[in-house]
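Here is the structure we will look at, set down as structure tokens.
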Amino acid sequence: MQGIGNDFIVIDDLPSGLNGAFEKLYAAKGTQFIQSLCNRHYGIGCDQLLWLKPSSCSDAEMVIFNSDGSEAEMCGNGIRAVGIYLSDHGPCPQRKSYEVDTQAGVKTLHIENPLVTVDMGQPGFVNKDIELEEIEVLNHKIAFYFVNMGNPHAVVFLDDFQSLPLDTIAPAMEVHSRFKNKANIEFVKVTGESSLDVRVWERGAAWTLGCGTGACAASVAAISTQKVTSPAQVTLPGGTLELTWTPGNSVFMKGSALEVFSGQWPID
């Protein structure tokens, strides 16, 4: 599946799907198995693998693996893909809403296929309000805003994407000691009263065509600092998302997701 070019393998390990077979396979083969599936030369290929499991508190639990085999707390484009998958193929198809459990909490999805609106919850900051920080990366002083959308983001505003060597700055920022568990890095250009252009270096996955939580973080930082108004249109290389937020409330992300192909492989 894909959401604005951010692509996923969705593993249905629910009772109506593989019914726990993938869990046994992962327990036996570990991280290298995830890496092989995500590798575009040796497996299906994806930015992230989304593993759907039974949940006692929601319609499904979503476990997120980056292409390097590490786990992520949340994935905005991925959860929209899961919403479309549940609507098309889940045990209770064609519903207008679903709840999905993640490491960042239970998220509510509203389905207008192919559009999904997700209540992403309230953003988190280092302190009560958003603050500008600065770190040194490869002899460049980088000013950024830290936003937690269930996963960590550093949002950098630029007048021009060519003003910094982003291909080297981004991976160095990801692993900077300022970020305890590494960070997703957003480079943001304001293009209008309610529009942003965003490039995302995704933790554990490198440059990506789209990042839902990154779009949320960028819009929160821009709205908080009066650079744009809500709702904001956030354009990434793979497409555009609509983000609605007022301080003290949840961030609502709206965008499409699409099934690209489906298949099977031997479980044994």
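Identifiers in this document derive from the order of the structure tokens: chains are assigned A, B, ..., residues are numbered from 1 separately in each chain, and ligands are numbered from 1 in order of occurrence.
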
Point to revise | All residues 6 Å or closer to segment 32-45 of chain A, only C-alpha atoms, same chain fewer than 5 positions away omitted, as number ranges by chain | key: A: 67-69

Could you pull out the alpha helix (DSSP H) residues of segment 44-259 of chain A from DSSP and send them as a PDB file with N, CA and C atoms, in the first residue's frame?
ATOM      1  N   GLY A  76       2.113   8.128  10.299  1.00  0.00           N
ATOM      2  CA  GLY A  76       0.867   8.767   9.877  1.00  0.00           C
ATOM      3  C   GLY A  76       0.337   8.258   8.555  1.00  0.00           C
ATOM      4  N   ASN A  77       1.199   8.140   7.542  1.00  0.00           N
ATOM      5  CA  ASN A  77       0.746   7.585   6.268  1.00  0.00           C
ATOM      6  C   ASN A  77       0.380   6.118   6.423  1.00  0.00           C
ATOM      7  N   GLY A  78       1.143   5.409   7.251  1.00  0.00           N
ATOM      8  CA  GLY A  78       0.879   3.997   7.464  1.00  0.00           C
ATOM      9  C   GLY A  78      -0.465   3.727   8.105  1.00  0.00           C
ATOM     10  N   ILE A  79      -0.845   4.549   9.068  1.00  0.00           N
ATOM     11  CA  ILE A  79      -2.120   4.298   9.737  1.00  0.00           C
ATOM     12  C   ILE A  79      -3.294   4.601   8.803  1.00  0.00           C
ATOM     13  N   ARG A  80      -3.103   5.533   7.851  1.00  0.00           N
ATOM     14  CA  ARG A  80      -4.152   5.730   6.849  1.00  0.00           C
ATOM     15  C   ARG A  80      -4.255   4.507   5.942  1.00  0.00           C
ATOM     16  N   ALA A  81      -3.110   3.935   5.571  1.00  0.00           N
ATOM     17  CA  ALA A  81      -3.114   2.716   4.762  1.00  0.00           C
ATOM     18  C   ALA A  81      -3.823   1.588   5.491  1.00  0.00           C
ATOM     19  N   VAL A  82      -3.582   1.459   6.771  1.00  0.00           N
ATOM     20  CA  VAL A  82      -4.242   0.427   7.577  1.00  0.00           C
ATOM     21  C   VAL A  82      -5.745   0.668   7.626  1.00  0.00           C
ATOM     22  N   GLY A  83      -6.155   1.939   7.709  1.00  0.00           N
ATOM     23  CA  GLY A  83      -7.588   2.247   7.701  1.00  0.00           C
ATOM     24  C   GLY A  83      -8.256   1.772   6.421  1.00  0.00           C
ATOM     25  N   ILE A  84      -7.624   2.033   5.271  1.00  0.00           N
ATOM     26  CA  ILE A  84      -8.174   1.575   3.991  1.00  0.00           C
ATOM     27  C   ILE A  84      -8.152   0.051   3.921  1.00  0.00           C
ATOM     28  N   TYR A  85      -7.079  -0.564   4.430  1.00  0.00           N
ATOM     29  CA  TYR A  85      -7.009  -2.030   4.418  1.00  0.00           C
ATOM     30  C   TYR A  85      -8.142  -2.638   5.241  1.00  0.00           C
ATOM     31  N   LEU A  86      -8.360  -2.125   6.444  1.00  0.00           N
ATOM     32  CA  LEU A  86      -9.429  -2.658   7.294  1.00  0.00           C
ATOM     33  C   LEU A  86     -10.790  -2.453   6.648  1.00  0.00           C
ATOM     34  N   SER A  87     -10.968  -1.304   5.989  1.00  0.00           N
ATOM     35  CA  SER A  87     -12.244  -1.025   5.329  1.00  0.00           C
ATOM     36  C   SER A  87     -12.492  -1.975   4.163  1.00  0.00           C
ATOM     37  N   ASP A  88     -11.423  -2.335   3.444  1.00  0.00           N
ATOM     38  CA  ASP A  88     -11.570  -3.191   2.258  1.00  0.00           C
ATOM     39  C   ASP A  88     -11.503  -4.678   2.572  1.00  0.00           C
ATOM     40  N   HIS A  89     -10.667  -5.062   3.562  1.00  0.00           N
ATOM     41  CA  HIS A  89     -10.376  -6.483   3.755  1.00  0.00           C
ATOM     42  C   HIS A  89     -10.504  -6.973   5.192  1.00  0.00           C
ATOM     43  N   LEU A 166      21.651  19.216   2.452  1.00  0.00           N
ATOM     44  CA  LEU A 166      20.696  18.393   3.207  1.00  0.00           C
ATOM     45  C   LEU A 166      21.042  16.907   3.197  1.00  0.00           C
ATOM     46  N   ASP A 167      21.667  16.423   2.130  1.00  0.00           N
ATOM     47  CA  ASP A 167      21.974  14.992   2.048  1.00  0.00           C
ATOM     48  C   ASP A 167      22.982  14.556   3.106  1.00  0.00           C
ATOM     49  N   THR A 168      23.777  15.472   3.600  1.00  0.00           N
ATOM     50  CA  THR A 168      24.701  15.137   4.682  1.00  0.00           C
ATOM     51  C   THR A 168      24.197  15.642   6.039  1.00  0.00           C
ATOM     52  N   ILE A 169      23.534  16.788   6.039  1.00  0.00           N
ATOM     53  CA  ILE A 169      23.010  17.348   7.289  1.00  0.00           C
ATOM     54  C   ILE A 169      21.937  16.435   7.893  1.00  0.00           C
ATOM     55  N   ALA A 170      21.021  15.943   7.056  1.00  0.00           N
ATOM     56  CA  ALA A 170      19.875  15.173   7.564  1.00  0.00           C
ATOM     57  C   ALA A 170      20.286  13.908   8.311  1.00  0.00           C
ATOM     58  N   PRO A 171      21.110  13.019   7.727  1.00  0.00           N
ATOM     59  CA  PRO A 171      21.477  11.813   8.481  1.00  0.00           C
ATOM     60  C   PRO A 171      22.294  12.115   9.727  1.00  0.00           C
ATOM     61  N   ALA A 172      23.087  13.186   9.696  1.00  0.00           N
ATOM     62  CA  ALA A 172      23.850  13.557  10.884  1.00  0.00           C
ATOM     63  C   ALA A 172      22.928  14.073  11.994  1.00  0.00           C
ATOM     64  N   MET A 173      21.893  14.821  11.611  1.00  0.00           N
ATOM     65  CA  MET A 173      20.927  15.284  12.610  1.00  0.00           C
ATOM     66  C   MET A 173      20.164  14.120  13.232  1.00  0.00           C
ATOM     67  N   GLU A 174      19.785  13.148  12.421  1.00  0.00           N
ATOM     68  CA  GLU A 174      19.016  12.004  12.930  1.00  0.00           C
ATOM     69  C   GLU A 174      19.670  11.370  14.151  1.00  0.00           C
ATOM     70  N   GLY A 212       3.554  11.176   7.259  1.00  0.00           N
ATOM     71  CA  GLY A 212       2.373  11.772   7.881  1.00  0.00           C
ATOM     72  C   GLY A 212       2.677  12.466   9.192  1.00  0.00           C
ATOM     73  N   THR A 213       3.429  11.798  10.092  1.00  0.00           N
ATOM     74  CA  THR A 213       3.759  12.444  11.359  1.00  0.00           C
ATOM     75  C   THR A 213       4.687  13.636  11.124  1.00  0.00           C
ATOM     76  N   GLY A 214       5.528  13.553  10.084  1.00  0.00           N
ATOM     77  CA  GLY A 214       6.376  14.685   9.739  1.00  0.00           C
ATOM     78  C   GLY A 214       5.566  15.880   9.277  1.00  0.00           C
ATOM     79  N   ALA A 215       4.521  15.620   8.482  1.00  0.00           N
ATOM     80  CA  ALA A 215       3.622  16.694   8.050  1.00  0.00           C
ATOM     81  C   ALA A 215       2.914  17.308   9.252  1.00  0.00           C
ATOM     82  N   CYS A 216       2.518  16.468  10.215  1.00  0.00           N
ATOM     83  CA  CYS A 216       1.886  16.963  11.443  1.00  0.00           C
ATOM     84  C   CYS A 216       2.849  17.862  12.216  1.00  0.00           C
ATOM     85  N   ALA A 217       4.076  17.378  12.413  1.00  0.00           N
ATOM     86  CA  ALA A 217       5.064  18.139  13.175  1.00  0.00           C
ATOM     87  C   ALA A 217       5.370  19.473  12.503  1.00  0.00           C
ATOM     88  N   ALA A 218       5.528  19.453  11.183  1.00  0.00           N
ATOM     89  CA  ALA A 218       5.823  20.679  10.451  1.00  0.00           C
ATOM     90  C   ALA A 218       4.690  21.690  10.584  1.00  0.00           C
ATOM     91  N   SER A 219       3.448  21.217  10.463  1.00  0.00           N
ATOM     92  CA  SER A 219       2.308  22.133  10.552  1.00  0.00           C
ATOM     93  C   SER A 219       2.154  22.679  11.968  1.00  0.00           C
ATOM     94  N   VAL A 220       2.371  21.834  12.978  1.00  0.00           N
ATOM     95  CA  VAL A 220       2.291  22.299  14.369  1.00  0.00           C
ATOM     96  C   VAL A 220       3.325  23.398  14.623  1.00  0.00           C
ATOM     97  N   ALA A 221       4.557  23.172  14.173  1.00  0.00           N
ATOM     98  CA  ALA A 221       5.606  24.177  14.364  1.00  0.00           C
ATOM     99  C   ALA A 221       5.266  25.467  13.627  1.00  0.00           C
ATOM    100  N   ALA A 222       4.741  25.350  12.413  1.00  0.00           N
ATOM    101  CA  ALA A 222       4.424  26.533  11.617  1.00  0.00           C
ATOM    102  C   ALA A 222       3.227  27.303  12.183  1.00  0.00           C
ATOM    103  N   ILE A 223       2.212  26.585  12.632  1.00  0.00           N
ATOM    104  CA  ILE A 223       1.028  27.242  13.208  1.00  0.00           C
ATOM    105  C   ILE A 223       1.385  27.873  14.552  1.00  0.00           C
ATOM    106  N   SER A 224       2.174  27.159  15.376  1.00  0.00           N
ATOM    107  CA  SER A 224       2.570  27.675  16.691  1.00  0.00           C
ATOM    108  C   SER A 224       3.333  28.985  16.588  1.00  0.00           C
TER     109      SER A 224
END

Please, which residues of segment 4-76 of chain A, numbered as in this document, come out strand (DSSP E or B) from DSSP, as a CSV table (one decimal) with C-alpha atoms, in the first residue's frame?
chain,number,residue,atom,x,y,z
A,6,ASN,CA,5.3,6.5,1.3
A,7,ASP,CA,5.0,2.7,0.7
A,8,PHE,CA,4.2,-0.2,3.0
A,9,ILE,CA,3.9,-3.9,3.3
A,10,VAL,CA,0.8,-4.6,5.4
A,11,ILE,CA,0.9,-8.0,7.1
A,12,ASP,CA,-2.6,-9.2,8.2
A,48,GLN,CA,7.9,0.5,6.5
A,49,LEU,CA,6.4,-2.8,7.2
A,50,LEU,CA,3.0,-2.7,9.1
A,51,TRP,CA,2.1,-5.8,11.1
A,52,LEU,CA,-1.6,-6.0,12.1
A,53,LYS,CA,-2.2,-8.0,15.3
A,60,ALA,CA,-6.3,-4.0,15.5
A,61,GLU,CA,-2.8,-3.3,16.8
A,62,MET,CA,-0.3,-1.9,14.3
A,63,VAL,CA,3.4,-2.7,14.9
A,64,ILE,CA,5.7,-0.6,12.7
A,65,PHE,CA,9.1,-1.7,11.4
A,66,ASN,CA,11.4,0.7,9.5
A,71,GLU,CA,10.6,-0.3,15.3
A,72,ALA,CA,8.8,3.1,15.2

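For Phe146 of chain A, the set of protein, DNA and RNA residues having any atom at most 7 Å away, when counting only C-alpha atoms and skipping those fewer than 5 positions along the same chain, is Phe125, Val126, His153, Ala154 and Val155 of chain A.
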
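Counting only C-alpha atoms and comparing A:His176, A:Lys128, A:Lys189, A:Arg95, the residue that lies closest to Leu158 of chain A is A:Lys189.
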
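Between atom CA of Val147 of chain A and atom CA of Glu99 of chain A lies a distance of 23.6 Å.
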
Exercise for review: Please identify all polymer residues within 10 Å of Gln122 of chain A, counting only C-alpha atoms, omitting same-chain residues fewer than 6 positions from it, and present them as a list in words.
Suggested key: Asn148, Met149, Gly150, Val220, Trp245, Thr246, Pro247, Gly248, Asn249, Ser250, Val251 and Phe252 of chain A

Residue selection dump (all heavy atoms) as a PDB file, in the first residue's frame:
ATOM      1  N   ASN A 148       6.877  16.275  19.350  1.00  0.00           N
ATOM      2  CA  ASN A 148       6.629  14.846  19.511  1.00  0.00           C
ATOM      3  C   ASN A 148       5.217  14.537  19.028  1.00  0.00           C
ATOM      4  O   ASN A 148       4.236  15.059  19.560  1.00  0.00           O
ATOM      5  CB  ASN A 148       6.788  14.440  20.986  1.00  0.00           C
ATOM      6  CG  ASN A 148       6.819  12.937  21.154  1.00  0.00           C
ATOM      7  OD1 ASN A 148       5.996  12.215  20.609  1.00  0.00           O
ATOM      8  ND2 ASN A 148       7.777  12.449  21.932  1.00  0.00           N
ATOM      9  N   MET A 149       5.121  13.691  17.995  1.00  0.00           N
ATOM     10  CA  MET A 149       3.821  13.247  17.481  1.00  0.00           C
ATOM     11  C   MET A 149       3.627  11.754  17.767  1.00  0.00           C
ATOM     12  O   MET A 149       3.073  11.013  16.972  1.00  0.00           O
ATOM     13  CB  MET A 149       3.721  13.510  15.981  1.00  0.00           C
ATOM     14  CG  MET A 149       3.575  14.956  15.596  1.00  0.00           C
ATOM     15  SD  MET A 149       2.160  15.823  16.354  1.00  0.00           S
ATOM     16  CE  MET A 149       0.796  14.722  16.009  1.00  0.00           C
ATOM     17  N   GLY A 150       4.088  11.346  18.966  1.00  0.00           N
ATOM     18  CA  GLY A 150       4.149   9.924  19.279  1.00  0.00           C
ATOM     19  C   GLY A 150       5.493   9.367  18.886  1.00  0.00           C
ATOM     20  O   GLY A 150       5.913   8.325  19.366  1.00  0.00           O
ATOM     21  N   VAL A 220       2.371  21.834  12.978  1.00  0.00           N
ATOM     22  CA  VAL A 220       2.291  22.299  14.369  1.00  0.00           C
ATOM     23  C   VAL A 220       3.325  23.398  14.623  1.00  0.00           C
ATOM     24  O   VAL A 220       3.015  24.437  15.223  1.00  0.00           O
ATOM     25  CB  VAL A 220       2.485  21.117  15.344  1.00  0.00           C
ATOM     26  CG1 VAL A 220       2.779  21.619  16.761  1.00  0.00           C
ATOM     27  CG2 VAL A 220       1.252  20.232  15.350  1.00  0.00           C
ATOM     28  N   TRP A 245      -5.194  22.025  13.095  1.00  0.00           N
ATOM     29  CA  TRP A 245      -4.777  22.045  14.500  1.00  0.00           C
ATOM     30  C   TRP A 245      -4.958  23.420  15.105  1.00  0.00           C
ATOM     31  O   TRP A 245      -4.648  24.436  14.485  1.00  0.00           O
ATOM     32  CB  TRP A 245      -3.309  21.641  14.637  1.00  0.00           C
ATOM     33  CG  TRP A 245      -2.823  21.635  16.059  1.00  0.00           C
ATOM     34  CD1 TRP A 245      -3.219  20.802  17.064  1.00  0.00           C
ATOM     35  CD2 TRP A 245      -1.860  22.533  16.632  1.00  0.00           C
ATOM     36  NE1 TRP A 245      -2.547  21.105  18.220  1.00  0.00           N
ATOM     37  CE2 TRP A 245      -1.712  22.156  17.988  1.00  0.00           C
ATOM     38  CE3 TRP A 245      -1.097  23.589  16.120  1.00  0.00           C
ATOM     39  CZ2 TRP A 245      -0.838  22.816  18.853  1.00  0.00           C
ATOM     40  CZ3 TRP A 245      -0.228  24.252  16.982  1.00  0.00           C
ATOM     41  CH2 TRP A 245      -0.102  23.859  18.327  1.00  0.00           C
ATOM     42  N   THR A 246      -5.469  23.438  16.330  1.00  0.00           N
ATOM     43  CA  THR A 246      -5.451  24.635  17.164  1.00  0.00           C
ATOM     44  C   THR A 246      -4.780  24.252  18.476  1.00  0.00           C
ATOM     45  O   THR A 246      -4.980  23.134  18.980  1.00  0.00           O
ATOM     46  CB  THR A 246      -6.869  25.176  17.437  1.00  0.00           C
ATOM     47  OG1 THR A 246      -7.688  24.123  17.976  1.00  0.00           O
ATOM     48  CG2 THR A 246      -7.502  25.697  16.161  1.00  0.00           C
ATOM     49  N   PRO A 247      -3.951  25.126  19.029  1.00  0.00           N
ATOM     50  CA  PRO A 247      -3.216  24.795  20.248  1.00  0.00           C
ATOM     51  C   PRO A 247      -4.121  24.256  21.356  1.00  0.00           C
ATOM     52  O   PRO A 247      -5.222  24.762  21.581  1.00  0.00           O
ATOM     53  CB  PRO A 247      -2.577  26.129  20.642  1.00  0.00           C
ATOM     54  CG  PRO A 247      -2.383  26.833  19.338  1.00  0.00           C
ATOM     55  CD  PRO A 247      -3.583  26.458  18.505  1.00  0.00           C
ATOM     56  N   GLY A 248      -3.646  23.205  22.009  1.00  0.00           N
ATOM     57  CA  GLY A 248      -4.396  22.568  23.085  1.00  0.00           C
ATOM     58  C   GLY A 248      -5.310  21.460  22.626  1.00  0.00           C
ATOM     59  O   GLY A 248      -5.971  20.813  23.450  1.00  0.00           O
ATOM     60  N   ASN A 249      -5.359  21.227  21.306  1.00  0.00           N
ATOM     61  CA  ASN A 249      -6.252  20.205  20.763  1.00  0.00           C
ATOM     62  C   ASN A 249      -5.463  19.177  19.951  1.00  0.00           C
ATOM     63  O   ASN A 249      -4.267  19.302  19.738  1.00  0.00           O
ATOM     64  CB  ASN A 249      -7.313  20.870  19.874  1.00  0.00           C
ATOM     65  CG  ASN A 249      -8.249  21.753  20.672  1.00  0.00           C
ATOM     66  OD1 ASN A 249      -9.048  21.280  21.448  1.00  0.00           O
ATOM     67  ND2 ASN A 249      -8.104  23.067  20.477  1.00  0.00           N
ATOM     68  N   SER A 250      -6.176  18.146  19.486  1.00  0.00           N
ATOM     69  CA  SER A 250      -5.581  17.119  18.654  1.00  0.00           C
ATOM     70  C   SER A 250      -5.231  17.674  17.273  1.00  0.00           C
ATOM     71  O   SER A 250      -5.849  18.631  16.796  1.00  0.00           O
ATOM     72  CB  SER A 250      -6.547  15.945  18.472  1.00  0.00           C
ATOM     73  OG  SER A 250      -6.694  15.206  19.658  1.00  0.00           O
ATOM     74  N   VAL A 251      -4.256  17.049  16.647  1.00  0.00           N
ATOM     75  CA  VAL A 251      -3.936  17.311  15.247  1.00  0.00           C
ATOM     76  C   VAL A 251      -4.755  16.342  14.392  1.00  0.00           C
ATOM     77  O   VAL A 251      -4.769  15.135  14.659  1.00  0.00           O
ATOM     78  CB  VAL A 251      -2.438  17.088  14.964  1.00  0.00           C
ATOM     79  CG1 VAL A 251      -2.129  17.361  13.493  1.00  0.00           C
ATOM     80  CG2 VAL A 251      -1.586  17.963  15.869  1.00  0.00           C
ATOM     81  N   PHE A 252      -5.458  16.859  13.390  1.00  0.00           N
ATOM     82  CA  PHE A 252      -6.227  16.009  12.479  1.00  0.00           C
ATOM     83  C   PHE A 252      -5.547  16.025  11.109  1.00  0.00           C
ATOM     84  O   PHE A 252      -5.334  17.087  10.526  1.00  0.00           O
ATOM     85  CB  PHE A 252      -7.669  16.487  12.371  1.00  0.00           C
ATOM     86  CG  PHE A 252      -8.474  16.188  13.605  1.00  0.00           C
ATOM     87  CD1 PHE A 252      -8.536  17.107  14.643  1.00  0.00           C
ATOM     88  CD2 PHE A 252      -9.154  14.987  13.736  1.00  0.00           C
ATOM     89  CE1 PHE A 252      -9.257  16.836  15.795  1.00  0.00           C
ATOM     90  CE2 PHE A 252      -9.887  14.702  14.879  1.00  0.00           C
ATOM     91  CZ  PHE A 252      -9.940  15.627  15.912  1.00  0.00           C
TER      92      PHE A 252
END

Find the nearest atom pair between each residue of segment 90-195 of chain A and segment 231-234 of chain A for residues within 9 Å, count only C-alpha atoms, give distances in Å to one decimal, sort rows by chain and ascending number, and present the table as JSON lines.
{"residue": "A:Glu193", "atom": "CA", "partner": "A:Ala232", "partner_atom": "CA", "distance": 8.4}
{"residue": "A:Ser194", "atom": "CA", "partner": "A:Ala232", "partner_atom": "CA", "distance": 4.7}
{"residue": "A:Ser195", "atom": "CA", "partner": "A:Gln233", "partner_atom": "CA", "distance": 4.7}

Exercise for review: Record the distance separating atom CA of Ile130 of chain A and atom CA of Gly5 of chain A, expressed in Å with one decimal.
Suggested key: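 Computing the Euclidean distance for atom CA of Ile130 of chain A and atom CA of Gly5 of chain A yields 29.4 Å.
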
**Study point:** Contacts of Asn151 of chain A at 9 Å (only C-alpha atoms; same-chain gap of 6+ positions) as a ChimeraX atom specification
**Key:** /A:72-75,104,183-184,213

Output of the above residues as a compact mmCIF listing (two decimals), in the first residue's frame, restricted to C-alpha atoms:
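Saved to selection33.txt:
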# COMPACT_ATOMS: atom_id res chain seq x y z
CA ALA A 72 8.80 3.06 15.15
CA GLU A 73 6.18 4.35 17.56
CA MET A 74 3.88 5.86 14.95
CA CYS A 75 3.45 6.31 11.18
CA ALA A 104 1.72 6.18 20.50
CA ALA A 183 14.75 11.79 15.33
CA ASN A 184 12.87 12.35 12.11
CA THR A 213 3.76 12.44 11.36

Review point. So what do you get for atom CA of Val190 of chain A versus atom CA of Glu242 of chain A, distance-wise?
Key: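 Interatomic distance here is 14.7 Å.
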